[in-house]
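Engineer: Provided herewith: input_1.txt, compact mmCIF, C-alpha atoms.
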# COMPACT_ATOMS: atom_id res chain seq x y z
CA MET X 1 38.04 5.55 -86.63
CA TYR X 2 40.92 5.12 -89.10
CA LYS X 3 38.87 6.50 -91.99
CA ASN X 4 37.79 9.54 -89.97
CA VAL X 5 41.39 10.40 -89.12
CA LYS X 6 42.58 9.76 -92.68
CA ASP X 7 39.86 12.11 -93.97
CA ILE X 8 41.47 14.84 -91.85
CA VAL X 9 45.19 14.17 -92.36
CA GLY X 10 45.21 12.35 -95.70
CA ASP X 11 48.23 10.22 -96.59
CA GLU X 12 50.84 12.66 -95.31
CA VAL X 13 50.71 11.83 -91.60
CA PRO X 14 51.20 8.37 -90.07
CA ILE X 15 48.10 7.29 -88.17
CA ALA X 16 48.55 5.60 -84.80
CA TYR X 17 46.00 3.55 -82.90
CA HIS X 18 47.04 4.31 -79.37
CA GLU X 19 45.78 2.78 -76.16
CA CYS X 20 43.64 0.10 -77.76
CA GLY X 21 42.03 -2.56 -75.64
CA THR X 22 42.20 -5.16 -78.41
CA PRO X 23 44.88 -4.98 -81.09
CA PRO X 24 43.68 -4.65 -84.67
CA ASN X 25 43.25 -7.78 -86.76
CA PRO X 26 46.01 -7.68 -89.43
CA ASP X 27 43.95 -9.59 -92.01
CA LYS X 28 40.99 -7.25 -91.59
CA CYS X 29 43.25 -4.20 -91.74
CA MET X 30 44.80 -5.37 -94.99
CA SER X 31 41.47 -6.19 -96.61
CA GLU X 32 39.93 -2.84 -95.56
CA GLY X 33 43.00 -0.70 -96.35
CA THR X 34 43.42 0.30 -92.72
CA ARG X 35 47.13 1.01 -92.38
CA TRP X 36 47.91 1.76 -88.75
CA TRP X 37 51.58 2.81 -88.51
CA TRP X 38 51.69 1.56 -84.96
CA TRP X 39 49.40 0.64 -82.14
CA MET X 40 49.83 0.39 -78.42
CA GLU X 41 47.81 -2.08 -76.47
CA TRP X 42 46.62 -1.50 -72.93
CA HIS X 43 48.35 -3.76 -70.46
CA THR X 44 47.62 -5.67 -67.26
CA GLY X 45 43.87 -6.16 -66.68
CA HIS X 46 42.91 -5.14 -70.23
CA LEU X 47 45.48 -7.41 -71.85
CA GLN X 48 44.44 -10.33 -69.69
CA LYS X 49 40.89 -10.05 -71.05
CA VAL X 50 41.98 -10.51 -74.68
CA ASP X 51 41.77 -14.07 -76.01
CA LYS X 52 45.25 -15.64 -75.96
CA LYS X 53 44.75 -17.37 -79.32
CA TYR X 54 43.86 -14.02 -80.88
CA LEU X 55 46.95 -12.37 -79.37
CA LYS X 56 49.18 -15.12 -80.77
CA PHE X 57 47.51 -14.74 -84.17
CA VAL X 58 48.16 -10.98 -84.18
CA TYR X 59 51.71 -11.01 -82.85
CA LYS X 60 52.84 -13.85 -85.15
CA ASP X 61 51.49 -12.22 -88.31
CA PRO X 62 54.37 -11.38 -90.69
CA ILE X 63 53.25 -7.75 -91.13
CA ILE X 64 53.43 -7.08 -87.39
CA ILE X 65 56.78 -5.85 -86.11
CA THR X 66 57.30 -6.30 -82.40
CA LEU X 67 59.81 -4.53 -80.16
CA ASP X 68 62.23 -7.46 -80.25
CA GLU X 69 62.40 -7.15 -84.07
CA ILE X 70 63.34 -3.47 -84.14
CA PRO X 71 67.05 -2.78 -84.57
CA ASP X 72 68.85 -1.00 -81.75
CA ILE X 73 69.42 2.30 -83.57
CA MET X 74 71.37 3.80 -80.70
CA LYS X 75 73.85 0.94 -80.90
CA ASN X 76 74.05 1.10 -84.69
CA TYR X 77 74.36 4.90 -85.01
CA SER X 78 76.61 5.53 -82.04
CA LYS X 79 79.43 3.80 -83.95
CA ARG X 80 79.42 6.51 -86.63
Give the structure from the file, written as structure tokens.
Structural biologist:
Amino acid sequence: MYKNVKDIVGDEVPIAYHECGTPPNPDKCMSEGTRWWWWMEWHTGHLQKVDKKYLKFVYKDPIIITLDEIPDIMKNYSKR
């Protein structure tokens, strides 16, 4: 899917993997050159079906930035 989208938009547009049932494997993405800018995982019943060890592996990978690691830009820029 990533390659098909990249063939259309090239390197000029960030490519998102939205509403995925299983988050992408960071190691596989790096080895295949698949550079998702962001992805959004389905929640509730879908999330509960994903292996917990796999989720920990994905979310603890150093290339993955989770919401709690993103700076509060409203707080930082409202002071200017």
Engineer: Could you check how far CA of Val58 (chain X) sits from CA of Ile73 (chain X), in Å to one decimal?
Structural biologist: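 Atom-to-atom, CA of Val58 (chain X) to CA of Ile73 (chain X), that is 25.1 Å.
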Engineer: With only C-alpha atoms as the atoms that count, which of X:Asp51, X:Tyr59, X:Thr66, X:Lys6 lies nearest to Trp36 (chain X)?
Structural biologist: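 With only C-alpha atoms as the atom set, the closest residue is X:Lys6.
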Engineer: Here is a test: counting all atoms listed in the file, which residue of X:Ile8, X:Met1, X:Ile63, X:Val50 is nearest to Gly21 (chain X)?
Structural biologist: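 Distance minimum relative to Gly21 (chain X) lands on X:Val50.
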Engineer: One decimal, in Å: what's the spacing between CA of Asp27 (chain X) and CA of Asp72 (chain X)?
Structural biologist: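 Going from CA of Asp27 (chain X) over to CA of Asp72 (chain X) covers 28.3 Å.
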Engineer: Let me make sure I understand: among X:Lys75, X:Arg35, X:His18, X:His46, which one has the smallest atom-to-atom distance to Lys3 (chain X) if we use all atoms listed in the file?
Structural biologist: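 Checking each of X:Lys75, X:Arg35, X:His18, X:His46 against Lys3 (chain X), counting all atoms listed in the file, the winner is X:Arg35.
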Engineer: For Pro23 (chain X), work out the shell of residues within 9 Å, counting all atoms listed in the file and skipping chain neighbours fewer than 3 positions away, then give it as a PyMOL selection string.
Structural biologist: chain X and resi 17+20+26+39-41+50+55+58
Engineer: Considering all atoms listed in the file, can you say which of X:Asn25, X:Leu47, X:Met30, X:Asn76 comes closest to Lys60 (chain X)?
Structural biologist: X:Asn25
Engineer: Report, in Å to a single decimal, how far apart CA of Pro14 (chain X) and CA of Lys49 (chain X) are.
Structural biologist: 28.4 Å
Engineer: Give the answer as one residue: which of X:Ser78, X:Asn4, X:Thr22, X:Ser31 has the shortest atom-to-atom distance to Tyr54 (chain X), using all atoms listed in the file?
Structural biologist: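 Checking each candidate against Tyr54 (chain X), we get X:Thr22 as the closest.
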Engineer: Provide region 25-36 of chain X rebuilt to all heavy atoms, formatted as a PDB file, keeping the file's coordinate frame.
Structural biologist:
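What ended up in rebuild_18.pdb:
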ATOM      1  N   ASN X  25      43.063  -6.533 -86.026  1.00  0.00           N
ATOM      2  CA  ASN X  25      43.250  -7.780 -86.760  1.00  0.00           C
ATOM      3  C   ASN X  25      44.014  -7.470 -88.054  1.00  0.00           C
ATOM      4  O   ASN X  25      43.518  -6.728 -88.905  1.00  0.00           O
ATOM      5  CB  ASN X  25      41.886  -8.385 -87.084  1.00  0.00           C
ATOM      6  CG  ASN X  25      41.967  -9.685 -87.818  1.00  0.00           C
ATOM      7  OD1 ASN X  25      42.724  -9.832 -88.770  1.00  0.00           O
ATOM      8  ND2 ASN X  25      41.162 -10.645 -87.399  1.00  0.00           N
ATOM      9  N   PRO X  26      45.219  -8.008 -88.241  1.00  0.00           N
ATOM     10  CA  PRO X  26      46.010  -7.680 -89.430  1.00  0.00           C
ATOM     11  C   PRO X  26      45.327  -8.052 -90.741  1.00  0.00           C
ATOM     12  O   PRO X  26      45.416  -7.304 -91.717  1.00  0.00           O
ATOM     13  CB  PRO X  26      47.305  -8.481 -89.246  1.00  0.00           C
ATOM     14  CG  PRO X  26      47.250  -9.114 -87.918  1.00  0.00           C
ATOM     15  CD  PRO X  26      45.901  -8.925 -87.347  1.00  0.00           C
ATOM     16  N   ASP X  27      44.637  -9.188 -90.784  1.00  0.00           N
ATOM     17  CA  ASP X  27      43.950  -9.590 -92.010  1.00  0.00           C
ATOM     18  C   ASP X  27      42.841  -8.594 -92.361  1.00  0.00           C
ATOM     19  O   ASP X  27      42.687  -8.190 -93.515  1.00  0.00           O
ATOM     20  CB  ASP X  27      43.343 -10.993 -91.866  1.00  0.00           C
ATOM     21  CG  ASP X  27      44.404 -12.076 -91.770  1.00  0.00           C
ATOM     22  OD1 ASP X  27      45.557 -11.843 -92.212  1.00  0.00           O
ATOM     23  OD2 ASP X  27      44.081 -13.161 -91.253  1.00  0.00           O
ATOM     24  N   LYS X  28      42.082  -8.202 -91.371  1.00  0.00           N
ATOM     25  CA  LYS X  28      40.990  -7.250 -91.590  1.00  0.00           C
ATOM     26  C   LYS X  28      41.551  -5.883 -92.010  1.00  0.00           C
ATOM     27  O   LYS X  28      41.026  -5.234 -92.910  1.00  0.00           O
ATOM     28  CB  LYS X  28      40.155  -7.120 -90.319  1.00  0.00           C
ATOM     29  CG  LYS X  28      38.910  -6.306 -90.490  1.00  0.00           C
ATOM     30  CD  LYS X  28      38.048  -6.350 -89.238  1.00  0.00           C
ATOM     31  CE  LYS X  28      36.798  -5.516 -89.436  1.00  0.00           C
ATOM     32  NZ  LYS X  28      35.961  -5.461 -88.251  1.00  0.00           N
ATOM     33  N   CYS X  29      42.633  -5.473 -91.371  1.00  0.00           N
ATOM     34  CA  CYS X  29      43.250  -4.200 -91.740  1.00  0.00           C
ATOM     35  C   CYS X  29      43.700  -4.204 -93.198  1.00  0.00           C
ATOM     36  O   CYS X  29      43.468  -3.240 -93.929  1.00  0.00           O
ATOM     37  CB  CYS X  29      44.447  -3.906 -90.832  1.00  0.00           C
ATOM     38  SG  CYS X  29      44.007  -3.444 -89.158  1.00  0.00           S
ATOM     39  N   MET X  30      44.337  -5.286 -93.609  1.00  0.00           N
ATOM     40  CA  MET X  30      44.800  -5.370 -94.990  1.00  0.00           C
ATOM     41  C   MET X  30      43.643  -5.365 -95.979  1.00  0.00           C
ATOM     42  O   MET X  30      43.692  -4.682 -96.995  1.00  0.00           O
ATOM     43  CB  MET X  30      45.668  -6.613 -95.188  1.00  0.00           C
ATOM     44  CG  MET X  30      46.984  -6.578 -94.442  1.00  0.00           C
ATOM     45  SD  MET X  30      48.049  -5.201 -94.899  1.00  0.00           S
ATOM     46  CE  MET X  30      48.545  -5.703 -96.527  1.00  0.00           C
ATOM     47  N   SER X  31      42.584  -6.114 -95.673  1.00  0.00           N
ATOM     48  CA  SER X  31      41.470  -6.190 -96.610  1.00  0.00           C
ATOM     49  C   SER X  31      40.681  -4.882 -96.676  1.00  0.00           C
ATOM     50  O   SER X  31      40.096  -4.559 -97.703  1.00  0.00           O
ATOM     51  CB  SER X  31      40.530  -7.351 -96.243  1.00  0.00           C
ATOM     52  OG  SER X  31      39.851  -7.097 -95.034  1.00  0.00           O
ATOM     53  N   GLU X  32      40.685  -4.104 -95.590  1.00  0.00           N
ATOM     54  CA  GLU X  32      39.930  -2.840 -95.560  1.00  0.00           C
ATOM     55  C   GLU X  32      40.791  -1.623 -95.883  1.00  0.00           C
ATOM     56  O   GLU X  32      40.283  -0.515 -95.953  1.00  0.00           O
ATOM     57  CB  GLU X  32      39.295  -2.656 -94.179  1.00  0.00           C
ATOM     58  CG  GLU X  32      38.233  -3.689 -93.868  1.00  0.00           C
ATOM     59  CD  GLU X  32      37.671  -3.539 -92.460  1.00  0.00           C
ATOM     60  OE1 GLU X  32      38.172  -2.703 -91.680  1.00  0.00           O
ATOM     61  OE2 GLU X  32      36.722  -4.279 -92.146  1.00  0.00           O
ATOM     62  N   GLY X  33      42.110  -1.829 -96.054  1.00  0.00           N
ATOM     63  CA  GLY X  33      43.000  -0.700 -96.350  1.00  0.00           C
ATOM     64  C   GLY X  33      43.297   0.150 -95.127  1.00  0.00           C
ATOM     65  O   GLY X  33      43.666   1.315 -95.262  1.00  0.00           O
ATOM     66  N   THR X  34      43.123  -0.421 -93.955  1.00  0.00           N
ATOM     67  CA  THR X  34      43.420   0.300 -92.720  1.00  0.00           C
ATOM     68  C   THR X  34      44.890   0.084 -92.402  1.00  0.00           C
ATOM     69  O   THR X  34      45.304  -1.020 -92.080  1.00  0.00           O
ATOM     70  CB  THR X  34      42.548  -0.232 -91.563  1.00  0.00           C
ATOM     71  OG1 THR X  34      41.187  -0.129 -91.949  1.00  0.00           O
ATOM     72  CG2 THR X  34      42.768   0.549 -90.297  1.00  0.00           C
ATOM     73  N   ARG X  35      45.683   1.134 -92.522  1.00  0.00           N
ATOM     74  CA  ARG X  35      47.130   1.010 -92.380  1.00  0.00           C
ATOM     75  C   ARG X  35      47.622   1.763 -91.141  1.00  0.00           C
ATOM     76  O   ARG X  35      48.173   2.855 -91.233  1.00  0.00           O
ATOM     77  CB  ARG X  35      47.853   1.543 -93.617  1.00  0.00           C
ATOM     78  CG  ARG X  35      47.414   0.927 -94.929  1.00  0.00           C
ATOM     79  CD  ARG X  35      47.880  -0.519 -95.042  1.00  0.00           C
ATOM     80  NE  ARG X  35      47.783  -1.004 -96.392  1.00  0.00           N
ATOM     81  CZ  ARG X  35      46.802  -1.787 -96.828  1.00  0.00           C
ATOM     82  NH1 ARG X  35      45.844  -2.151 -96.025  1.00  0.00           N
ATOM     83  NH2 ARG X  35      46.773  -2.197 -98.078  1.00  0.00           N
ATOM     84  N   TRP X  36      47.382   1.164 -89.976  1.00  0.00           N
ATOM     85  CA  TRP X  36      47.910   1.760 -88.750  1.00  0.00           C
ATOM     86  C   TRP X  36      49.435   1.710 -88.817  1.00  0.00           C
ATOM     87  O   TRP X  36      50.016   0.676 -89.114  1.00  0.00           O
ATOM     88  CB  TRP X  36      47.453   0.982 -87.518  1.00  0.00           C
ATOM     89  CG  TRP X  36      45.979   0.943 -87.327  1.00  0.00           C
ATOM     90  CD1 TRP X  36      45.169  -0.140 -87.491  1.00  0.00           C
ATOM     91  CD2 TRP X  36      45.124   2.010 -86.928  1.00  0.00           C
ATOM     92  NE1 TRP X  36      43.860   0.190 -87.216  1.00  0.00           N
ATOM     93  CE2 TRP X  36      43.804   1.518 -86.868  1.00  0.00           C
ATOM     94  CE3 TRP X  36      45.334   3.344 -86.623  1.00  0.00           C
ATOM     95  CZ2 TRP X  36      42.720   2.298 -86.519  1.00  0.00           C
ATOM     96  CZ3 TRP X  36      44.248   4.130 -86.276  1.00  0.00           C
ATOM     97  CH2 TRP X  36      42.967   3.605 -86.216  1.00  0.00           C
TER      98      TRP X  36
END
